[in-house]
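Structure file upload.cif with mmCIF, C-alpha atoms and all ligand atoms:
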data_protein
#
loop_
_atom_site.label_atom_id
_atom_site.label_comp_id
_atom_site.auth_asym_id
_atom_site.auth_seq_id
_atom_site.Cartn_x
_atom_site.Cartn_y
_atom_site.Cartn_z
CA MET A 29 66.09 101.82 50.63
CA VAL A 30 67.00 100.50 54.05
CA GLU A 31 67.05 103.01 56.87
CA GLU A 32 70.24 103.26 58.87
CA ASN A 33 69.92 101.84 62.31
CA HIS A 34 68.09 104.72 63.97
CA GLY A 35 64.85 104.67 65.95
CA ALA A 36 63.50 102.82 68.95
CA ARG A 37 65.01 99.48 68.03
CA TYR A 38 68.55 100.87 68.52
CA GLU A 39 67.80 103.62 71.06
CA ARG A 40 70.14 102.51 73.83
CA SER A 41 73.04 101.97 71.44
CA HIS A 42 72.44 105.45 70.06
CA PHE A 43 72.62 107.07 73.51
CA ALA A 44 75.59 104.95 74.55
CA PHE A 45 77.49 106.15 71.49
CA GLU A 46 76.62 109.80 72.15
CA LYS A 47 77.91 109.42 75.71
CA ALA A 48 81.08 107.62 74.63
CA LYS A 49 82.00 110.34 72.16
CA ALA A 50 82.50 112.75 75.07
CA SER A 51 85.28 110.59 76.54
CA ILE A 52 86.74 108.37 73.78
CA PRO A 53 88.03 109.63 70.38
CA GLY A 54 85.13 109.10 67.98
CA GLY A 55 83.45 107.03 70.69
CA VAL A 56 85.48 103.92 69.82
CA ASN A 57 88.75 102.25 70.72
CA SER A 58 89.44 101.04 67.17
CA PRO A 59 88.30 103.11 64.16
CA VAL A 60 86.33 100.68 62.02
CA ARG A 61 83.95 100.02 64.94
CA ALA A 62 82.46 103.48 64.34
CA PHE A 63 80.35 102.35 61.32
CA ARG A 64 81.73 105.16 59.13
CA ALA A 65 81.70 102.93 56.05
CA VAL A 66 78.06 101.87 56.45
CA GLY A 67 76.54 104.89 58.22
CA GLY A 68 74.38 104.89 61.32
CA ASP A 69 75.52 104.32 64.88
CA PRO A 70 77.56 101.37 66.11
CA VAL A 71 75.61 98.70 67.94
CA TYR A 72 76.67 98.18 71.57
CA PHE A 73 76.96 94.56 72.57
CA SER A 74 75.94 93.33 76.01
CA HIS A 75 76.75 89.62 75.76
CA GLY A 76 77.42 86.74 73.44
CA ASN A 77 76.83 83.01 73.40
CA GLY A 78 77.98 80.62 70.70
CA ALA A 79 77.17 82.09 67.30
CA TYR A 80 75.00 84.85 68.78
CA VAL A 81 75.48 88.31 70.24
CA TRP A 82 72.90 90.52 71.93
CA ASP A 83 72.93 94.31 71.87
CA ILE A 84 71.99 96.56 74.79
CA ASP A 85 68.53 97.12 73.27
CA GLY A 86 67.90 93.38 73.44
CA ASN A 87 68.28 92.59 69.71
CA ARG A 88 69.90 89.27 68.86
CA TYR A 89 72.30 88.75 65.94
CA VAL A 90 74.17 85.87 64.35
CA ASP A 91 77.76 87.13 64.52
CA TYR A 92 80.04 86.81 61.46
CA MET A 93 82.50 89.43 62.71
CA LEU A 94 83.50 87.43 65.81
CA SER A 95 85.65 90.15 67.34
CA TRP A 96 87.40 90.46 63.92
CA GLY A 97 88.43 86.84 63.88
CA PRO A 98 89.62 85.56 67.28
CA LEU A 99 86.41 83.80 68.37
CA ILE A 100 86.76 80.63 66.32
CA ALA A 101 85.18 78.66 69.20
CA GLY A 102 82.24 81.08 69.33
CA HIS A 103 81.30 83.45 72.14
CA ALA A 104 81.83 82.28 75.71
CA HIS A 105 82.57 78.67 74.87
CA PRO A 106 82.12 76.81 78.19
CA ARG A 107 85.57 75.19 77.99
CA VAL A 108 87.31 78.47 77.24
CA VAL A 109 85.36 80.23 79.99
CA SER A 110 86.33 77.64 82.60
CA ALA A 111 89.97 77.65 81.51
CA VAL A 112 90.05 81.42 82.07
CA GLN A 113 88.12 81.23 85.35
CA GLU A 114 90.40 78.55 86.75
CA GLN A 115 93.47 80.55 85.85
CA ALA A 116 92.04 83.86 87.13
CA ALA A 117 91.46 82.29 90.54
CA LYS A 118 95.17 81.41 90.67
CA GLY A 119 96.40 84.85 89.66
CA THR A 120 96.15 86.94 86.52
CA SER A 121 99.76 87.90 85.85
CA PHE A 122 103.18 87.14 87.28
CA GLY A 123 105.78 88.68 85.00
CA ALA A 124 107.71 85.49 85.57
CA PRO A 125 107.75 82.21 83.65
CA THR A 126 104.72 79.88 83.91
CA LEU A 127 104.22 76.36 82.56
CA ILE A 128 101.31 77.30 80.34
CA GLU A 129 103.47 79.56 78.13
CA THR A 130 105.56 76.56 77.10
CA GLU A 131 102.43 74.47 76.58
CA LEU A 132 101.00 77.03 74.15
CA ALA A 133 104.36 77.47 72.38
CA GLU A 134 104.59 73.69 71.92
CA GLU A 135 101.05 73.51 70.60
CA ILE A 136 101.76 76.31 68.10
CA LYS A 137 104.99 74.63 66.93
CA LYS A 138 103.13 71.37 66.40
CA ILE A 139 100.57 73.10 64.16
CA PHE A 140 103.11 75.47 62.50
CA PRO A 141 106.26 73.35 62.03
CA SER A 142 108.04 76.30 60.35
CA MET A 143 108.24 77.96 63.78
CA ASP A 144 111.26 76.52 65.64
CA LEU A 145 111.00 79.16 68.35
CA VAL A 146 107.96 81.26 69.32
CA ARG A 147 107.86 84.53 71.28
CA MET A 148 104.51 85.66 72.78
CA VAL A 149 103.45 89.30 72.64
CA ASN A 150 100.14 91.05 73.32
CA SER A 151 98.75 91.88 69.89
CA GLY A 152 99.20 91.25 66.20
CA THR A 153 100.66 94.73 65.88
CA GLU A 154 103.44 93.87 68.32
CA ALA A 155 104.09 90.60 66.50
CA THR A 156 104.61 92.19 63.06
CA MET A 157 106.56 95.11 64.50
CA SER A 158 108.94 92.70 66.25
CA ALA A 159 109.25 90.44 63.19
CA LEU A 160 110.24 93.46 61.09
CA ARG A 161 112.91 94.54 63.60
CA LEU A 162 114.24 91.01 63.58
CA ALA A 163 114.32 90.78 59.76
CA ARG A 164 116.31 94.04 59.67
CA ALA A 165 118.72 92.82 62.32
CA TYR A 166 119.22 89.47 60.64
CA THR A 167 119.94 90.88 57.18
CA GLY A 168 121.56 94.16 58.19
CA ARG A 169 119.29 95.83 55.59
CA SER A 170 116.62 98.46 56.13
CA LYS A 171 113.95 98.33 53.41
CA ILE A 172 110.77 96.28 53.69
CA VAL A 173 108.28 95.28 51.01
CA LYS A 174 104.56 95.15 51.68
CA PHE A 175 101.60 94.68 49.38
CA GLU A 176 98.93 97.35 48.88
CA GLY A 177 95.78 96.60 50.87
CA CYS A 178 97.51 94.23 53.28
CA TYR A 179 97.17 95.28 56.91
CA HIS A 180 99.89 94.36 59.36
CA GLY A 181 98.78 96.31 62.44
CA HIS A 182 99.35 99.97 63.15
CA ALA A 183 103.13 100.21 63.62
CA ASP A 184 104.63 103.15 61.69
CA SER A 185 106.34 101.09 59.01
CA PHE A 186 103.14 99.30 58.02
CA LEU A 187 100.70 102.22 57.84
CA ILE A 188 101.27 102.63 54.17
CA ARG A 189 98.55 101.49 51.76
CA ALA A 190 97.23 99.52 54.69
CA GLY A 191 93.78 98.42 53.58
CA SER A 192 90.40 98.43 55.25
CA GLY A 193 90.46 100.60 58.37
CA VAL A 194 92.68 103.22 56.84
CA ALA A 195 91.01 103.06 53.44
CA THR A 196 87.55 103.29 54.91
CA LEU A 197 88.43 106.54 56.66
CA SER A 198 90.36 107.83 53.64
CA LEU A 199 93.19 108.90 55.90
CA PRO A 200 96.19 110.23 54.03
CA ASP A 201 98.82 107.55 53.78
CA SER A 202 99.98 107.94 57.35
CA PRO A 203 100.23 111.32 59.09
CA GLY A 204 102.49 111.13 62.09
CA VAL A 205 104.74 108.60 60.42
CA PRO A 206 108.11 110.26 59.62
CA GLY A 207 108.70 110.46 55.88
CA ASP A 208 112.19 109.05 56.32
CA LEU A 209 110.75 105.92 57.89
CA ALA A 210 107.87 105.57 55.42
CA ALA A 211 110.41 105.74 52.58
CA LEU A 212 111.81 102.43 53.78
CA THR A 213 108.49 100.67 53.11
CA LEU A 214 108.11 99.77 49.44
CA THR A 215 104.60 98.86 48.30
CA ILE A 216 103.42 96.97 45.25
CA PRO A 217 100.06 95.47 44.22
CA TYR A 218 98.99 92.12 45.68
CA ASN A 219 99.34 89.17 43.29
CA ASP A 220 101.84 91.10 41.14
CA VAL A 221 104.92 88.91 40.72
CA ASP A 222 106.45 91.10 37.99
CA ALA A 223 106.34 94.16 40.24
CA LEU A 224 108.04 92.20 43.01
CA ARG A 225 110.74 90.98 40.67
CA MET A 226 111.41 94.50 39.39
CA LEU A 227 111.52 95.87 42.93
CA PHE A 228 114.15 93.31 43.88
CA GLU A 229 116.14 93.98 40.72
CA ALA A 230 116.29 97.65 41.71
CA HIS A 231 116.64 97.42 45.50
CA GLY A 232 117.43 93.77 46.28
CA ASP A 233 120.60 94.50 48.20
CA ASN A 234 118.73 96.79 50.61
CA ILE A 235 115.59 94.73 51.19
CA ALA A 236 115.46 93.11 54.63
CA GLY A 237 112.25 91.27 53.98
CA VAL A 238 108.83 90.88 52.42
CA ILE A 239 105.73 90.78 54.60
CA VAL A 240 102.52 89.41 53.15
CA GLU A 241 99.08 88.26 54.22
CA PRO A 242 99.28 84.89 52.41
CA VAL A 243 95.52 85.11 52.00
CA ALA A 244 94.60 88.77 52.29
CA GLY A 245 91.82 89.47 54.75
CA ASN A 246 91.96 93.20 55.28
CA MET A 247 90.78 94.42 51.85
CA GLY A 248 87.92 91.98 51.99
CA MET A 249 89.09 88.41 51.54
CA VAL A 250 91.41 88.13 48.54
CA VAL A 251 93.04 84.82 47.63
CA PRO A 252 96.53 84.55 46.17
CA ASP A 253 96.73 83.65 42.47
CA GLY A 254 98.15 80.20 41.76
CA GLY A 255 101.94 80.50 41.95
CA PHE A 256 102.00 83.92 43.62
CA LEU A 257 103.21 82.77 47.05
CA GLN A 258 105.61 80.33 45.40
CA ALA A 259 107.18 83.20 43.43
CA VAL A 260 107.40 85.38 46.55
CA ARG A 261 109.21 82.51 48.28
CA GLU A 262 111.64 81.99 45.38
CA ILE A 263 112.47 85.68 44.95
CA THR A 264 113.07 86.30 48.68
CA ARG A 265 115.25 83.21 48.86
CA ALA A 266 117.29 84.26 45.83
CA TYR A 267 118.00 87.67 47.39
CA GLU A 268 118.42 86.32 50.94
CA ALA A 269 115.59 88.51 52.20
CA VAL A 270 113.40 87.33 55.07
CA LEU A 271 109.91 86.16 54.08
CA ILE A 272 107.35 87.01 56.77
CA PHE A 273 103.92 85.42 56.50
CA ASP A 274 101.52 87.56 58.51
CA GLU A 275 99.04 84.87 59.56
CA VAL A 276 97.51 86.92 62.37
CA MET A 277 94.17 86.47 60.62
CA THR A 278 94.66 83.39 58.43
CA GLY A 279 96.35 81.28 61.11
CA PHE A 280 93.98 78.45 62.20
CA ARG A 281 91.33 79.94 59.90
CA VAL A 282 91.95 79.16 56.21
CA HIS A 283 93.33 75.80 57.40
CA LEU A 284 94.40 74.56 60.83
CA GLY A 285 98.04 75.21 59.89
CA GLY A 286 97.27 78.53 58.20
CA ALA A 287 97.96 79.50 54.61
CA GLN A 288 101.47 78.01 54.81
CA ALA A 289 100.00 74.54 55.34
CA LEU A 290 97.23 75.08 52.80
CA PHE A 291 99.62 76.16 50.01
CA GLY A 292 102.70 74.24 51.17
CA ILE A 293 105.02 77.26 51.38
CA THR A 294 107.49 77.70 54.24
CA PRO A 295 108.15 81.29 55.29
CA ASP A 296 111.17 82.32 57.40
CA LEU A 297 109.05 84.07 60.02
CA THR A 298 105.36 83.85 60.87
CA THR A 299 103.23 86.26 62.88
CA LEU A 300 100.13 85.04 64.69
CA GLY A 301 97.43 86.67 66.84
CA LYS A 302 93.65 86.66 67.03
CA VAL A 303 92.77 82.92 67.33
CA ILE A 304 95.78 82.05 69.54
CA GLY A 305 94.35 84.31 72.26
CA GLY A 306 90.88 82.74 72.17
CA GLY A 307 89.40 86.24 72.62
CA LEU A 308 92.06 87.60 74.97
CA PRO A 309 94.87 89.90 73.82
CA VAL A 310 97.73 87.83 72.33
CA GLY A 311 100.15 87.89 69.44
CA ALA A 312 103.16 85.75 68.63
CA TYR A 313 106.05 85.68 66.20
CA GLY A 314 108.42 82.89 65.42
CA GLY A 315 110.23 80.99 62.72
CA ARG A 316 113.62 79.67 61.75
CA ARG A 317 115.88 79.01 64.72
CA GLU A 318 118.82 80.83 63.21
CA ILE A 319 116.79 84.05 62.97
CA MET A 320 114.87 83.69 66.24
CA GLU A 321 118.11 83.14 68.13
CA LEU A 322 118.84 86.83 67.62
CA VAL A 323 115.96 87.74 69.98
CA ALA A 324 116.95 88.86 73.50
CA PRO A 325 118.05 87.35 75.83
CA LEU A 326 119.56 84.82 73.39
CA GLY A 327 120.67 87.57 71.04
CA PRO A 328 120.91 91.36 70.78
CA VAL A 329 117.47 92.20 69.28
CA TYR A 330 115.49 93.74 72.11
CA GLN A 331 111.80 92.99 72.51
CA ALA A 332 109.89 92.68 75.80
CA GLY A 333 106.45 92.92 77.41
CA THR A 334 105.08 93.33 80.95
CA LEU A 335 102.06 91.17 80.18
CA SER A 336 103.58 88.96 77.46
CA GLY A 337 102.65 85.31 77.91
CA ASN A 338 99.88 86.40 80.25
CA PRO A 339 98.41 83.26 81.84
CA LEU A 340 94.75 84.20 81.26
CA ALA A 341 95.41 84.69 77.55
CA MET A 342 97.52 81.52 77.36
CA ALA A 343 94.72 79.52 78.98
CA ALA A 344 92.07 80.85 76.58
CA GLY A 345 94.35 80.31 73.58
CA LEU A 346 95.37 76.79 74.53
CA GLU A 347 91.80 75.63 75.10
CA THR A 348 90.74 77.20 71.79
CA LEU A 349 93.51 75.37 69.91
CA ARG A 350 92.41 72.10 71.48
CA LEU A 351 88.82 72.64 70.42
CA ILE A 352 89.66 73.27 66.76
CA GLN A 353 91.79 70.13 66.49
CA GLU A 354 88.80 67.86 67.01
CA ASP A 355 87.72 65.70 64.05
CA GLY A 356 85.89 67.18 61.11
CA VAL A 357 86.18 70.82 62.18
CA TYR A 358 87.66 72.19 58.94
CA GLU A 359 85.46 70.05 56.66
CA ALA A 360 82.46 71.55 58.46
CA PHE A 361 83.84 75.09 58.13
CA THR A 362 84.33 74.61 54.40
CA LYS A 363 80.82 73.22 53.91
CA LYS A 364 79.21 76.09 55.80
CA GLY A 365 81.40 78.74 54.21
CA GLN A 366 80.44 77.42 50.78
CA ALA A 367 76.74 77.35 51.67
CA LEU A 368 76.92 81.03 52.63
CA THR A 369 78.88 82.21 49.58
CA GLN A 370 76.78 80.11 47.18
CA GLY A 371 73.61 81.52 48.76
CA PHE A 372 74.96 85.05 48.42
CA ARG A 373 75.75 84.52 44.74
CA SER A 374 72.43 82.95 43.89
CA PHE A 375 70.31 85.64 45.61
CA ALA A 376 72.39 88.28 43.83
CA GLU A 377 71.98 86.55 40.49
CA LYS A 378 68.19 86.46 40.86
CA ARG A 379 68.25 90.24 41.13
CA SER A 380 70.96 90.68 38.47
CA ILE A 381 73.34 92.26 40.98
CA PRO A 382 77.00 91.55 40.19
CA VAL A 383 78.90 89.99 43.09
CA GLN A 384 82.14 88.14 43.79
CA THR A 385 82.86 85.75 46.63
CA THR A 386 85.89 84.07 48.17
CA GLN A 387 86.05 81.35 50.80
CA LEU A 388 88.67 79.15 52.49
CA GLY A 389 88.06 77.20 55.68
CA SER A 390 86.37 79.46 58.24
CA MET A 391 86.93 82.71 56.31
CA PHE A 392 84.81 84.17 53.52
CA GLY A 393 84.55 87.33 51.47
CA THR A 394 81.60 88.93 49.68
CA PHE A 395 81.95 91.85 47.29
CA PHE A 396 79.41 93.83 45.31
CA ALA A 397 81.76 93.91 42.35
CA SER A 398 81.55 92.94 38.71
CA GLU A 399 85.15 91.80 38.26
CA PRO A 400 87.11 89.30 40.35
CA VAL A 401 88.90 90.95 43.27
CA ARG A 402 92.65 90.23 42.98
CA ASN A 403 94.23 93.25 44.65
CA TYR A 404 93.51 96.52 46.42
CA ASP A 405 92.56 98.45 43.27
CA THR A 406 89.89 95.93 42.29
CA ALA A 407 88.72 95.65 45.93
CA LYS A 408 88.17 99.41 46.11
CA LYS A 409 85.95 99.25 43.02
CA ALA A 410 83.38 97.24 44.97
CA ASP A 411 80.12 99.16 45.41
CA GLY A 412 80.11 100.66 48.92
CA GLU A 413 76.57 102.03 48.65
CA ARG A 414 75.17 98.55 47.91
CA TYR A 415 77.07 97.08 50.80
CA ARG A 416 75.66 99.80 53.03
CA HIS A 417 72.10 98.76 52.11
CA TYR A 418 72.92 95.10 52.48
CA PHE A 419 74.66 95.57 55.84
CA HIS A 420 71.72 97.43 57.38
CA ALA A 421 69.15 95.02 55.93
CA MET A 422 71.10 92.11 57.43
CA LEU A 423 71.34 93.91 60.77
CA GLU A 424 67.54 94.37 60.75
CA ALA A 425 67.17 90.69 59.91
CA GLY A 426 69.36 89.67 62.85
CA VAL A 427 72.76 89.09 61.26
CA TYR A 428 75.82 91.07 62.26
CA LEU A 429 78.37 91.50 59.45
CA ALA A 430 81.58 93.53 59.52
CA PRO A 431 80.64 97.21 59.18
CA SER A 432 82.71 97.55 56.00
CA GLN A 433 82.79 95.59 52.77
CA LEU A 434 86.60 95.57 52.86
CA GLU A 435 86.68 93.05 55.72
CA SER A 436 86.42 89.27 55.89
CA GLY A 437 83.62 87.19 57.35
CA PHE A 438 84.32 84.51 59.95
CA LEU A 439 82.71 81.28 61.12
CA SER A 440 82.93 79.65 64.54
CA LEU A 441 82.38 76.12 65.80
CA ALA A 442 78.99 77.31 67.02
CA HIS A 443 77.71 78.25 63.55
CA ASP A 444 75.64 75.11 63.10
CA ASP A 445 73.22 74.22 60.29
CA GLU A 446 70.36 76.00 62.01
CA VAL A 447 72.40 79.20 62.19
CA ILE A 448 73.36 78.91 58.52
CA THR A 449 69.74 78.34 57.47
CA PHE A 450 68.65 81.38 59.49
CA THR A 451 71.39 83.42 57.81
CA LEU A 452 70.41 82.32 54.30
CA GLU A 453 66.80 83.32 54.98
CA ALA A 454 67.98 86.70 56.26
CA MET A 455 70.13 87.09 53.14
CA GLU A 456 67.21 86.39 50.84
CA LYS A 457 65.17 89.05 52.64
CA ALA A 458 68.07 91.51 52.65
CA PHE A 459 68.59 91.18 48.90
CA GLN A 460 65.04 92.47 48.37
CA GLN A 461 66.30 95.76 49.75
CA VAL A 462 69.57 96.00 47.85
CA HIS A 463 69.47 98.25 44.79
C1 LIG A 501 94.42 92.01 62.92
C2 LIG A 501 95.67 91.94 62.16
C3 LIG A 501 96.86 92.49 62.64
C4 LIG A 501 96.92 93.32 63.88
O1 LIG A 501 96.57 92.63 65.04
P1 LIG A 501 96.11 93.46 66.33
O2 LIG A 501 95.95 92.41 67.37
O3 LIG A 501 94.84 94.15 65.95
O4 LIG A 501 97.20 94.43 66.64
C5 LIG A 501 98.02 92.26 61.92
N1 LIG A 501 98.00 91.56 60.78
C6 LIG A 501 96.87 91.03 60.28
C7 LIG A 501 96.93 90.22 59.03
C8 LIG A 501 95.66 91.22 60.94
O5 LIG A 501 94.55 90.72 60.42
#

Give the structure from the file, written as structure tokens.
Amino acid sequence: MVEENHGARYERSHFAFEKAKASIPGGVNSPVRAFRAVGGDPVYFSHGNGAYVWDIDGNRYVDYMLSWGPLIAGHAHPRVVSAVQEQAAKGTSFGAPTLIETELAEEIKKIFPSMDLVRMVNSGTEATMSALRLARAYTGRSKIVKFEGCYHGHADSFLIRAGSGVATLSLPDSPGVPGDLAALTLTIPYNDVDALRMLFEAHGDNIAGVIVEPVAGNMGMVVPDGGFLQAVREITRAYEAVLIFDEVMTGFRVHLGGAQALFGITPDLTTLGKVIGGGLPVGAYGGRREIMELVAPLGPVYQAGTLSGNPLAMAAGLETLRLIQEDGVYEAFTKKGQALTQGFRSFAEKRSIPVQTTQLGSMFGTFFASEPVRNYDTAKKADGERYRHYFHAMLEAGVYLAPSQLESGFLSLAHDDEVITFTLEAMEKAFQQVH
């Protein structure tokens, strides 16, 4: 069995974590960073370059976590770094309009034609929270439907059956969230069209909208069944409820134009984040003009932000979007993603270990599970103990994976063939230690 990451090799990270725990809750600023699902101490990073990160003990890793998705250009891409440096020298925030905000909004609209108007915020959480308020204002209804295992940030209304981070810690549904508010969030299993139809038959007149990760990435990567998103679109349209695609993770990842381009479904509102900030804090929401025109100052729905449209973040995001629109980018992602998931399956098969994989564009999922993962219940059946062994064996071998099986893996432009070959060799070694 693989040892957790203790000992000399991780000594500085160990002490850094002990010190942090005295000043920061649990030593971390976001729960899943604490390694609770895999055991051991979190690794402290000192720097990154391309596909690689280095920890403060000097160990190098190929990074498939990539800051949980944003770093599609890789760490410290020279063009992103100079865009940020140039902007920083001119000022970091104005709280007044700048040209670059419009440039990024135009770029987003070009890639996501369903978004007639786009409002920038500072995180994915803010984006989904604002989209929900807007859906309620537009319809004059109060209930919202979400799918079990989908994560839409940590706003009160979404912390109900919210997938990975919450599941990993086994928190009760959501302490601190008023019961009266939680009661407005209706949850049903992912990929379950019948449940959605029944919910609308019972509550249709009170449902403001449906929010969905069109490819789920926060219970591991789970793909929609054929026809699922189509049915969600038809049902919401029939009941005049707002369909919100939360593409904070899938945007620019499963396809340049997100899941909506990949599956050809047009939502009413879309939320973005992660990639559009190029590694700086950004979120955005947008969609049909008629709905977005309700947002202040055009309309009465209030939503604001001191740092919204921050020029450093806009610069990093814009340069990142330019980089991923170069020729052949998504073909290369698909090829590399397939090489990794095929490798994973074949090493598992040699040892008779049941696994499942998913992959689209620059996102992939690996589960130690014997049945296909279609929803949160099947995702939770994946073997956490096996993942724990695998995770630590990969860490030893120089590959940094998400510290929980119920997360997605990510590729960047910098994950070249050499990096993939290195990873496959590490995987083969790691599987020797998985029981
Ligand atoms: C990450 C994520 C969020 C939350 O974004 P933050 O920037 O962490 O607030 C919302 N929705 C989805 C689908 C996400 O993956």

task = Please provide the set of residues having any atom within 7 Å of Arg317 of chain A, restricted to only C-alpha atoms, with same-chain residues fewer than 4 positions apart removed, written as a list in words.
result =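 Neighbouring residues, sequence-local ones excluded: Asp144, Leu145 and Glu321 of chain A.
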
Produce a table with one row for each residue of chain A that has an atom at most 8 Å from any atom of ligand LIG 501 (chain A), each row naming the nearest atom pair and its distance in Å at one decimal; use only C-alpha atoms and all ligand atoms; arrange rows by chain and rising residue number; format as a Markdown table.
| residue | atom | partner | partner_atom | distance |
| --- | --- | --- | --- | --- |
| A:Trp96 | CA | A:LIG501 | C1 | 7.3 |
| A:Gly97 | CA | A:LIG501 | C1 | 8.0 |
| A:Asn150 | CA | A:LIG501 | O2 | 7.4 |
| A:Ser151 | CA | A:LIG501 | O2 | 3.8 |
| A:Gly152 | CA | A:LIG501 | O1 | 3.2 |
| A:Thr153 | CA | A:LIG501 | O4 | 3.6 |
| A:Glu154 | CA | A:LIG501 | O4 | 6.5 |
| A:Ala155 | CA | A:LIG501 | C5 | 7.8 |
| A:Thr156 | CA | A:LIG501 | C5 | 6.7 |
| A:Cys178 | CA | A:LIG501 | C7 | 7.0 |
| A:Tyr179 | CA | A:LIG501 | N1 | 5.4 |
| A:His180 | CA | A:LIG501 | N1 | 3.7 |
| A:Gly181 | CA | A:LIG501 | C4 | 3.8 |
| A:His182 | CA | A:LIG501 | O4 | 6.9 |
| A:Glu241 | CA | A:LIG501 | C7 | 5.6 |
| A:Ala244 | CA | A:LIG501 | C7 | 7.3 |
| A:Gly245 | CA | A:LIG501 | O5 | 6.4 |
| A:Asn246 | CA | A:LIG501 | O5 | 6.3 |
| A:Asp274 | CA | A:LIG501 | C7 | 5.3 |
| A:Glu275 | CA | A:LIG501 | C7 | 5.8 |
| A:Val276 | CA | A:LIG501 | C6 | 4.7 |
| A:Met277 | CA | A:LIG501 | O5 | 4.3 |
| A:Thr278 | CA | A:LIG501 | C7 | 7.2 |
| A:Thr299 | CA | A:LIG501 | N1 | 7.7 |
| A:Leu300 | CA | A:LIG501 | N1 | 7.9 |
| A:Gly301 | CA | A:LIG501 | O2 | 6.0 |
| A:Lys302 | CA | A:LIG501 | O2 | 6.2 |
| A:Pro309 | CA | A:LIG501 | O2 | 7.0 |
| A:Val310 | CA | A:LIG501 | O2 | 7.0 |
| A:Gly311 | CA | A:LIG501 | O2 | 6.5 |

For the residues selected in the previous step, produce a file with C-alpha atoms as a PDB file, in the frame of the given file.
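Output saved as part_14.pdb:
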ATOM      1  CA  TRP A  96      87.400  90.460  63.920  1.00  0.00           C
ATOM      2  CA  GLY A  97      88.430  86.840  63.880  1.00  0.00           C
ATOM      3  CA  ASN A 150     100.140  91.050  73.320  1.00  0.00           C
ATOM      4  CA  SER A 151      98.750  91.880  69.890  1.00  0.00           C
ATOM      5  CA  GLY A 152      99.200  91.250  66.200  1.00  0.00           C
ATOM      6  CA  THR A 153     100.660  94.730  65.880  1.00  0.00           C
ATOM      7  CA  GLU A 154     103.440  93.870  68.320  1.00  0.00           C
ATOM      8  CA  ALA A 155     104.090  90.600  66.500  1.00  0.00           C
ATOM      9  CA  THR A 156     104.610  92.190  63.060  1.00  0.00           C
ATOM     10  CA  CYS A 178      97.510  94.230  53.280  1.00  0.00           C
ATOM     11  CA  TYR A 179      97.170  95.280  56.910  1.00  0.00           C
ATOM     12  CA  HIS A 180      99.890  94.360  59.360  1.00  0.00           C
ATOM     13  CA  GLY A 181      98.780  96.310  62.440  1.00  0.00           C
ATOM     14  CA  HIS A 182      99.350  99.970  63.150  1.00  0.00           C
ATOM     15  CA  GLU A 241      99.080  88.260  54.220  1.00  0.00           C
ATOM     16  CA  ALA A 244      94.600  88.770  52.290  1.00  0.00           C
ATOM     17  CA  GLY A 245      91.820  89.470  54.750  1.00  0.00           C
ATOM     18  CA  ASN A 246      91.960  93.200  55.280  1.00  0.00           C
ATOM     19  CA  ASP A 274     101.520  87.560  58.510  1.00  0.00           C
ATOM     20  CA  GLU A 275      99.040  84.870  59.560  1.00  0.00           C
ATOM     21  CA  VAL A 276      97.510  86.920  62.370  1.00  0.00           C
ATOM     22  CA  MET A 277      94.170  86.470  60.620  1.00  0.00           C
ATOM     23  CA  THR A 278      94.660  83.390  58.430  1.00  0.00           C
ATOM     24  CA  THR A 299     103.230  86.260  62.880  1.00  0.00           C
ATOM     25  CA  LEU A 300     100.130  85.040  64.690  1.00  0.00           C
ATOM     26  CA  GLY A 301      97.430  86.670  66.840  1.00  0.00           C
ATOM     27  CA  LYS A 302      93.650  86.660  67.030  1.00  0.00           C
ATOM     28  CA  PRO A 309      94.870  89.900  73.820  1.00  0.00           C
ATOM     29  CA  VAL A 310      97.730  87.830  72.330  1.00  0.00           C
ATOM     30  CA  GLY A 311     100.150  87.890  69.440  1.00  0.00           C
TER      31      GLY A 311
END

ask   = Near segment 162-173 of chain A, within 9 Å and counting only C-alpha atoms, which residues show up once chain neighbours fewer than 2 positions away are dropped, as a VMD selection string?
value = chain A and resid 157 to 160 175 185 211 to 216 224 227 231 233 to 240 268 to 272 297 319 to 320 322 to 323 328 to 329

inquiry  = Just to confirm, what's the straight-line distance from atom CA of Ala458 of chain A to atom CA of Glu424 of chain A in Å (one decimal)?
reply    =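 Result for atom CA of Ala458 of chain A versus atom CA of Glu424 of chain A: 8.6 Å, one decimal.
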
Residue list as a ChimeraX atom specification for point (82.0, 75.2, 58.2), cut-off 8 Å, only C-alpha atoms = /A:357-366,389-390,439-441,443

task = Return the single residue from A:Tyr415, A:Phe392, A:Phe63, A:Phe122 that is closest to Gly333 of chain A, with distances computed using all atoms listed in the file.
result = A:Phe122

request  = Find the distance between atom CA of Ala344 of chain A and atom CA of Ser436 of chain A and write it in Å to one decimal.
outcome  =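 One can read the atom CA of Ala344 of chain A to atom CA of Ser436 of chain A distance as 23.0 Å.
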
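All residues of protein, DNA or RNA that reach within 12 Å of Val221 of chain A, judged by only C-alpha atoms and not counting those fewer than 2 positions away in the chain, are Phe175, Ile216, Pro217, Tyr218, Asn219, Ala223, Leu224, Arg225, Met226, Leu227, Phe228, Pro252, Asp253, Gly254, Gly255, Phe256, Leu257, Gln258, Ala259, Val260, Arg261, Glu262, Ile263 and Thr264 of chain A.
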
request  = Go through A:Gly78, A:Gly86, A:Gly123, A:Gly356 and flag the residue nearest Gly426 of chain A, using all atoms listed in the file for the distances.
outcome  = A:Gly86
